[in-house]
>>> print(open('structure.txt').read())   # compact mmCIF, C-alpha atoms
# COMPACT_ATOMS: atom_id res chain seq x y z
CA MET A 225 135.27 -175.96 109.48
CA LYS A 226 138.73 -176.28 111.05
CA PRO A 227 141.51 -173.94 109.78
CA THR A 228 144.26 -175.82 107.94
CA ARG A 229 147.91 -175.58 108.95
CA THR A 230 148.61 -173.53 105.79
CA SER A 231 145.92 -170.92 106.58
CA THR A 232 147.10 -170.71 110.20
CA ARG A 233 150.70 -170.08 109.13
CA ARG A 234 149.50 -167.47 106.61
CA LEU A 235 147.53 -165.58 109.28
CA ALA A 236 150.52 -165.64 111.64
CA LEU A 237 152.77 -164.25 108.88
CA VAL A 238 150.36 -161.39 108.11
CA ALA A 239 150.14 -160.48 111.82
CA ALA A 240 153.93 -160.50 112.20
CA THR A 241 154.37 -158.32 109.10
CA ALA A 242 151.80 -155.79 110.38
CA ALA A 243 153.51 -155.62 113.79
CA SER A 244 156.88 -155.02 112.13
CA ALA A 245 155.44 -152.19 110.01
CA VAL A 246 154.00 -150.47 113.10
CA LEU A 247 157.33 -150.80 114.92
CA LEU A 248 159.31 -149.37 111.99
CA ALA A 249 156.87 -146.46 111.60
CA ALA A 250 157.21 -145.64 115.29
CA CYS A 251 160.99 -145.72 115.12
CA GLY A 252 161.03 -143.63 111.96
CA GLY A 253 158.71 -141.02 113.51
CA ASN A 254 160.90 -140.68 116.60
CA ASP A 255 164.04 -140.34 114.51
CA SER A 256 162.65 -137.61 112.26
CA GLY A 257 161.32 -135.69 115.24
CA SER A 258 164.69 -135.69 117.01
CA HIS A 259 166.41 -134.08 114.02
CA SER A 260 163.70 -131.70 112.81
CA ALA A 261 165.17 -128.72 114.66
CA HIS A 262 168.49 -129.14 112.86
CA ARG A 263 167.22 -129.24 109.30
CA SER A 264 168.10 -126.35 107.04
CA PRO A 265 165.25 -124.42 105.38
CA THR A 266 164.65 -125.67 101.84
CA LYS A 267 163.35 -122.39 100.45
CA SER A 268 165.31 -119.22 99.78
CA ALA A 269 165.19 -116.14 101.99
CA SER A 270 163.28 -114.29 99.28
CA SER A 271 160.39 -116.78 99.30
CA PRO A 272 157.35 -115.65 101.33
CA GLY A 273 156.93 -119.26 102.49
CA ALA A 274 160.52 -119.64 103.64
CA SER A 275 160.81 -122.16 106.45
CA ALA A 276 161.57 -120.71 109.86
CA SER A 277 162.53 -123.27 112.47
CA ALA A 278 161.74 -122.10 116.00
CA GLY A 279 165.16 -123.26 117.17
CA ALA A 280 167.18 -121.66 114.38
CA HIS A 281 166.87 -117.96 115.24
CA ASN A 282 167.78 -115.57 118.04
CA ALA A 283 166.67 -112.20 119.45
CA ALA A 284 168.71 -110.29 116.85
CA ASP A 285 166.82 -112.04 114.04
CA VAL A 286 163.49 -111.10 115.60
CA ALA A 287 164.59 -107.49 116.10
CA PHE A 288 165.81 -107.30 112.49
CA ALA A 289 162.49 -108.51 111.05
CA LYS A 290 160.38 -106.38 113.40
CA GLY A 291 162.42 -103.28 112.58
CA MET A 292 162.92 -103.82 108.87
CA ILE A 293 159.23 -104.46 108.11
CA PRO A 294 158.02 -100.93 109.04
CA HIS A 295 161.24 -99.51 107.57
CA HIS A 296 160.53 -101.20 104.24
CA ARG A 297 156.86 -100.17 104.40
CA GLN A 298 157.86 -96.53 104.59
CA ALA A 299 160.25 -96.89 101.64
CA VAL A 300 157.46 -98.51 99.58
CA GLU A 301 155.11 -95.70 100.63
CA MET A 302 157.63 -93.07 99.52
CA ALA A 303 158.24 -94.89 96.25
CA GLY A 304 154.49 -95.02 95.59
CA LEU A 305 154.37 -91.21 95.52
CA ALA A 306 156.82 -91.02 92.61
CA ALA A 307 154.40 -92.33 89.99
CA THR A 308 152.30 -89.15 90.03
CA ARG A 309 154.74 -86.60 91.47
CA ALA A 310 158.21 -87.25 90.01
CA SER A 311 159.32 -85.54 86.80
CA SER A 312 162.47 -87.61 86.21
CA SER A 313 162.07 -90.98 84.46
CA GLN A 314 165.14 -92.15 86.37
CA VAL A 315 163.50 -91.35 89.70
CA LYS A 316 160.32 -93.15 88.63
CA GLU A 317 162.37 -96.17 87.54
CA LEU A 318 164.24 -96.19 90.84
CA ALA A 319 160.99 -95.93 92.81
CA THR A 320 159.50 -98.87 90.90
CA LYS A 321 162.63 -100.93 91.60
CA ILE A 322 162.38 -100.14 95.32
CA GLU A 323 158.73 -101.24 95.45
CA GLN A 324 159.40 -104.46 93.53
CA ALA A 325 162.31 -105.41 95.80
CA GLN A 326 160.97 -104.44 99.21
CA ASP A 327 157.34 -105.56 99.00
CA PRO A 328 158.27 -109.28 98.72
CA GLU A 329 160.85 -108.85 101.51
CA ILE A 330 158.12 -107.51 103.81
CA LYS A 331 156.06 -110.65 103.11
CA THR A 332 159.09 -112.89 103.72
CA MET A 333 159.95 -111.31 107.08
CA SER A 334 156.29 -111.35 108.14
CA GLY A 335 156.28 -115.09 107.41
CA TRP A 336 159.34 -115.60 109.61
CA LEU A 337 157.78 -113.75 112.55
CA THR A 338 154.55 -115.75 112.23
CA ALA A 339 156.50 -119.03 112.14
CA TRP A 340 158.47 -117.95 115.23
CA GLY A 341 155.28 -117.13 117.14
CA GLU A 342 156.13 -113.41 117.12
CA GLN A 343 153.77 -110.53 116.38
CA VAL A 344 154.08 -108.88 112.96
CA PRO A 345 154.29 -105.06 113.31
CA GLU A 346 150.98 -103.37 112.58
CA GLU A 347 150.71 -101.04 109.61
CA MET A 348 150.51 -97.39 110.58
CA PRO A 349 147.46 -95.47 109.27
CA GLY A 350 148.18 -93.07 106.44
CA MET A 351 151.65 -91.56 106.75
CA ASP A 352 151.86 -91.79 110.52
CA HIS A 353 155.22 -93.40 111.32
CA SER A 354 155.70 -91.75 114.72
CA ALA A 355 155.91 -95.10 116.51
CA HIS A 356 159.04 -95.99 114.53
CA SER A 357 160.69 -92.55 114.31
CA GLY A 358 163.67 -93.66 116.42
CA MET A 359 164.81 -96.19 113.81
CA PRO A 360 167.91 -95.40 111.70
CA GLY A 361 166.94 -93.47 108.57
CA MET A 362 163.22 -93.47 109.37
CA MET A 363 161.36 -90.34 108.23
CA SER A 364 159.02 -88.49 110.57
CA THR A 365 155.33 -87.94 109.90
CA LYS A 366 156.18 -84.31 109.14
CA ASP A 367 158.84 -85.34 106.59
CA MET A 368 156.40 -87.66 104.83
CA ALA A 369 153.66 -85.00 104.73
CA ALA A 370 156.13 -82.48 103.24
CA LEU A 371 157.21 -84.94 100.55
CA LYS A 372 153.59 -85.61 99.62
CA LYS A 373 153.05 -81.91 98.91
CA LYS A 374 155.94 -81.68 96.42
CA SER A 375 155.93 -82.42 92.70
CA GLY A 376 158.22 -82.14 89.68
CA LYS A 377 161.92 -81.46 90.21
CA ALA A 378 161.34 -80.41 93.82
CA PHE A 379 159.86 -83.85 94.51
CA ASP A 380 162.74 -85.60 92.69
CA THR A 381 165.34 -83.86 94.84
CA ALA A 382 163.47 -84.30 98.13
CA PHE A 383 162.66 -87.94 97.34
CA MET A 384 166.27 -88.87 96.60
CA GLU A 385 167.70 -86.96 99.56
CA MET A 386 165.23 -88.66 101.90
CA MET A 387 165.70 -92.07 100.33
CA VAL A 388 169.50 -91.87 100.63
CA GLY A 389 169.12 -91.34 104.38
CA HIS A 390 166.47 -94.03 104.56
CA HIS A 391 168.68 -96.55 102.73
CA GLN A 392 171.65 -95.71 104.96
CA GLY A 393 169.50 -96.59 107.96
CA ALA A 394 168.47 -99.90 106.38
CA VAL A 395 172.12 -100.74 105.64
CA GLU A 396 172.98 -100.06 109.28
CA MET A 397 170.19 -102.35 110.50
CA ALA A 398 171.18 -105.08 108.04
CA GLY A 399 174.80 -104.82 109.20
CA ALA A 400 173.70 -105.47 112.78
CA GLU A 401 171.79 -108.57 111.64
CA LYS A 402 174.82 -109.94 109.81
CA LYS A 403 176.95 -109.56 112.96
CA LYS A 404 174.48 -110.73 115.61
CA GLY A 405 171.83 -112.83 113.83
CA ALA A 406 171.69 -116.64 113.80
CA TYR A 407 168.99 -117.40 111.21
CA GLY A 408 170.62 -118.14 107.84
CA PRO A 409 167.91 -116.75 105.53
CA ALA A 410 167.73 -113.51 107.57
CA LYS A 411 171.48 -113.02 107.30
CA THR A 412 171.26 -113.71 103.55
CA LEU A 413 168.47 -111.14 103.21
CA ALA A 414 170.51 -108.63 105.23
CA ASP A 415 173.42 -109.11 102.85
CA ALA A 416 171.12 -108.54 99.86
CA VAL A 417 169.76 -105.34 101.44
CA ILE A 418 173.28 -104.00 101.99
CA LYS A 419 174.37 -104.68 98.41
CA ALA A 420 171.21 -103.42 96.70
CA GLN A 421 170.68 -100.32 98.80
CA ASN A 422 174.33 -99.25 98.76
CA ALA A 423 174.20 -99.43 94.96
CA GLU A 424 171.03 -97.30 94.95
CA ILE A 425 172.64 -94.78 97.31
CA VAL A 426 175.51 -94.36 94.84
CA ARG A 427 173.06 -93.92 91.95
CA MET A 428 170.90 -91.34 93.78
CA ASN A 429 173.94 -89.34 94.88
CA LYS A 430 175.08 -89.18 91.25
CA LEU A 431 171.64 -87.96 90.16
CA LEU A 432 171.80 -85.35 92.93
CA GLY A 433 175.22 -84.24 91.67
CA LYS A 434 176.98 -85.52 94.76
CA GLY A 435 178.63 -88.55 93.18
>>> encode(input="structure.txt", output="structure tokens")
Amino acid sequence: MKPTRTSTRRLALVAATAASAVLLAACGGNDSGSHSAHRSPTKSASSPGASASAGAHNAADVAFAKGMIPHHRQAVEMAGLAATRASSSQVKELATKIEQAQDPEIKTMSGWLTAWGEQVPEEMPGMDHSAHSGMPGMMSTKDMAALKKKSGKAFDTAFMEMMVGHHQGAVEMAGAEKKKGAYGPAKTLADAVIKAQNAEIVRMNKLLGKG
């Protein structure tokens, strides 16, 4: 049976429409690819899944994340001791606040490094932080072991004195990120670290009678 003129025209129209769709899809794909490196992350810096464009960061951002992760881990480790060793409810409350703030930040920064193709710092076994002892405010393995042996008021005092120094180091590192970093969420996180930890330094100094 011969195809009618109507069916022939219909087939030609379908073919032309399909070709146009393929052409538009190809153009759209090329356009989105050319601008992908310039898009801003849609999630906040505090979100563990925060987007991290490979072209949106620099060496200072990488150094900040790689340094702050072990720094935060040590603070969380110190805070974890307070639950069973501290005598002051204020110290226990402060320790809980530190854990709740810094644990998610560790996950966020680890996500950035993974997205950038960088290695996430390995966790040190037990209280061994010797590999990071040169960092501002970082406690030595000996300091951590001594803190673990204390309890009651002696722990409260030692914990706050050590944490003040630890926070001061974190503030220094965050300040460097704000000045030299390029990745927006990292600079936002650095600003949050400075504000939160400076406020905690003031609070701990008051509890120590130094305020």
>>> atom_distance(input="structure.txt", atom1="atom CA of Glu424 of chain A", atom2="atom CA of Ile322 of chain A")
9.1 Å
>>> closest_residue(input="structure.txt", among="A:Met292, A:Val315, A:Met387, A:Val300", to="Gly399 of chain A", atoms="all atoms listed in the file")
A:Met292
>>> atom_distance(input="structure.txt", atom1="atom CA of Ser312 of chain A", atom2="atom CA of Gly376 of chain A")
7.7 Å
>>> residues_around(input="structure.txt", residues="segment 406-414 of chain A", least_positions_apart="2", cutoff="8 Å", atoms="all atoms listed in the file", output="PyMOL selection string")
chain A and resi 268-270+280-282+284-285+398-399+401-402+404+416-418
>>> residues_near_point(input="structure.txt", point="(161.0, -105.6, 98.4)", cutoff="10 Å", atoms="all atoms listed in the file", output="compact mmCIF listing (two decimals) with C-alpha atoms, in the coordinates of the input")
# COMPACT_ATOMS: atom_id res chain seq x y z
CA SER A 270 163.28 -114.29 99.28
CA ILE A 293 159.23 -104.46 108.11
CA HIS A 296 160.53 -101.20 104.24
CA ARG A 297 156.86 -100.17 104.40
CA ALA A 299 160.25 -96.89 101.64
CA VAL A 300 157.46 -98.51 99.58
CA LYS A 321 162.63 -100.93 91.60
CA ILE A 322 162.38 -100.14 95.32
CA GLU A 323 158.73 -101.24 95.45
CA GLN A 324 159.40 -104.46 93.53
CA ALA A 325 162.31 -105.41 95.80
CA GLN A 326 160.97 -104.44 99.21
CA ASP A 327 157.34 -105.56 99.00
CA PRO A 328 158.27 -109.28 98.72
CA GLU A 329 160.85 -108.85 101.51
CA ILE A 330 158.12 -107.51 103.81
CA LYS A 331 156.06 -110.65 103.11
CA THR A 332 159.09 -112.89 103.72
CA VAL A 417 169.76 -105.34 101.44
>>> residues_around(input="structure.txt", residues="Glu396 of chain A", least_positions_apart="6", cutoff="12 Å", atoms="only C-alpha atoms", output="PyMOL selection string")
chain A and resi 288+291-292+295+359-362+389-390+402-403+414-415+417-419+421-422
>>> closest_residue(input="structure.txt", among="A:Ala369, A:Ala306, A:Ala382, A:Met428", to="Ala319 of chain A", atoms="only C-alpha atoms")
A:Ala306
>>> closest_residue(input="structure.txt", among="A:Gln392, A:Gln298, A:Ser311, A:Gln343", to="Ser375 of chain A", atoms="only C-alpha atoms")
A:Ser311
>>> atom_distance(input="structure.txt", atom1="atom CA of Leu318 of chain A", atom2="atom CA of Phe383 of chain A")
10.6 Å
>>> closest_residue(input="structure.txt", among="A:Asp380, A:Glu317, A:Glu346, A:Glu385", to="Met363 of chain A", atoms="all atoms listed in the file")
A:Glu385
>>> closest_residue(input="structure.txt", among="A:Met333, A:Val395, A:Met384, A:Ala420", to="Lys434 of chain A", atoms="only C-alpha atoms")
A:Met384
>>> closest_residue(input="structure.txt", among="A:Ala370, A:Val286, A:Ile425, A:Leu431", to="Gly393 of chain A", atoms="only C-alpha atoms")
A:Ile425
>>> decode(input="structure.txt", residues="segment 405-427 of chain A", atoms="N, CA, C and O atoms", output="tab-separated table (two decimals), in the first residue's frame")
chain	number	residue	atom	x	y	z
A	405	GLY	N	41.83	33.08	51.95
A	405	GLY	CA	40.99	32.09	51.30
A	405	GLY	C	40.17	32.67	50.16
A	405	GLY	O	39.99	33.89	50.05
A	406	ALA	N	39.66	31.77	49.29
A	406	ALA	CA	38.85	32.20	48.14
A	406	ALA	C	37.47	31.55	48.14
A	406	ALA	O	36.56	32.06	47.51
A	407	TYR	N	37.33	30.44	48.86
A	407	TYR	CA	36.08	29.68	48.85
A	407	TYR	C	35.09	30.29	49.85
A	407	TYR	O	35.33	30.30	51.06
A	408	GLY	N	33.98	30.80	49.33
A	408	GLY	CA	32.99	31.51	50.14
A	408	GLY	C	32.54	30.78	51.40
A	408	GLY	O	32.61	31.34	52.51
A	409	PRO	N	32.07	29.53	51.30
A	409	PRO	CA	31.63	28.82	52.49
A	409	PRO	C	32.73	28.64	53.54
A	409	PRO	O	32.45	28.65	54.74
A	410	ALA	N	33.98	28.48	53.11
A	410	ALA	CA	35.09	28.33	54.06
A	410	ALA	C	35.33	29.64	54.80
A	410	ALA	O	35.60	29.64	56.02
A	411	LYS	N	35.24	30.75	54.09
A	411	LYS	CA	35.41	32.05	54.73
A	411	LYS	C	34.25	32.34	55.70
A	411	LYS	O	34.45	32.93	56.77
A	412	THR	N	33.06	31.89	55.34
A	412	THR	CA	31.89	32.04	56.22
A	412	THR	C	32.07	31.21	57.49
A	412	THR	O	31.78	31.67	58.59
A	413	LEU	N	32.57	29.98	57.31
A	413	LEU	CA	32.81	29.12	58.47
A	413	LEU	C	33.90	29.71	59.35
A	413	LEU	O	33.79	29.69	60.59
A	414	ALA	N	34.94	30.26	58.75
A	414	ALA	CA	36.02	30.89	59.50
A	414	ALA	C	35.49	32.04	60.35
A	414	ALA	O	35.87	32.20	61.52
A	415	ASP	N	34.60	32.81	59.78
A	415	ASP	CA	34.00	33.93	60.50
A	415	ASP	C	33.19	33.42	61.69
A	415	ASP	O	33.23	33.99	62.78
A	416	ALA	N	32.45	32.32	61.49
A	416	ALA	CA	31.65	31.73	62.56
A	416	ALA	C	32.53	31.20	63.68
A	416	ALA	O	32.20	31.35	64.87
A	417	VAL	N	33.67	30.61	63.31
A	417	VAL	CA	34.62	30.09	64.31
A	417	VAL	C	35.16	31.23	65.16
A	417	VAL	O	35.23	31.14	66.39
A	418	ILE	N	35.53	32.33	64.51
A	418	ILE	CA	36.08	33.49	65.23
A	418	ILE	C	35.07	34.04	66.24
A	418	ILE	O	35.40	34.27	67.41
A	419	LYS	N	33.83	34.22	65.80
A	419	LYS	CA	32.81	34.79	66.67
A	419	LYS	C	32.47	33.86	67.84
A	419	LYS	O	32.43	34.29	69.00
A	420	ALA	N	32.23	32.59	67.54
A	420	ALA	CA	31.84	31.63	68.58
A	420	ALA	C	32.95	31.37	69.58
A	420	ALA	O	32.73	31.37	70.80
A	421	GLN	N	34.16	31.18	69.07
A	421	GLN	CA	35.25	30.81	69.98
A	421	GLN	C	35.78	32.00	70.77
A	421	GLN	O	36.21	31.86	71.91
A	422	ASN	N	35.71	33.20	70.21
A	422	ASN	CA	36.07	34.38	71.00
A	422	ASN	C	35.10	34.57	72.16
A	422	ASN	O	35.51	34.92	73.27
A	423	ALA	N	33.81	34.31	71.90
A	423	ALA	CA	32.80	34.43	72.95
A	423	ALA	C	33.04	33.39	74.04
A	423	ALA	O	32.90	33.68	75.24
A	424	GLU	N	33.44	32.18	73.65
A	424	GLU	CA	33.72	31.13	74.63
A	424	GLU	C	35.00	31.42	75.42
A	424	GLU	O	35.09	31.08	76.61
A	425	ILE	N	35.97	32.06	74.78
A	425	ILE	CA	37.19	32.46	75.48
A	425	ILE	C	36.86	33.44	76.60
A	425	ILE	O	37.34	33.32	77.74
A	426	VAL	N	36.00	34.41	76.28
A	426	VAL	CA	35.58	35.41	77.28
A	426	VAL	C	34.88	34.72	78.44
A	426	VAL	O	35.13	35.00	79.62
A	427	ARG	N	33.99	33.80	78.13
A	427	ARG	CA	33.23	33.07	79.16
A	427	ARG	C	34.15	32.24	80.04
A	427	ARG	O	34.01	32.25	81.28
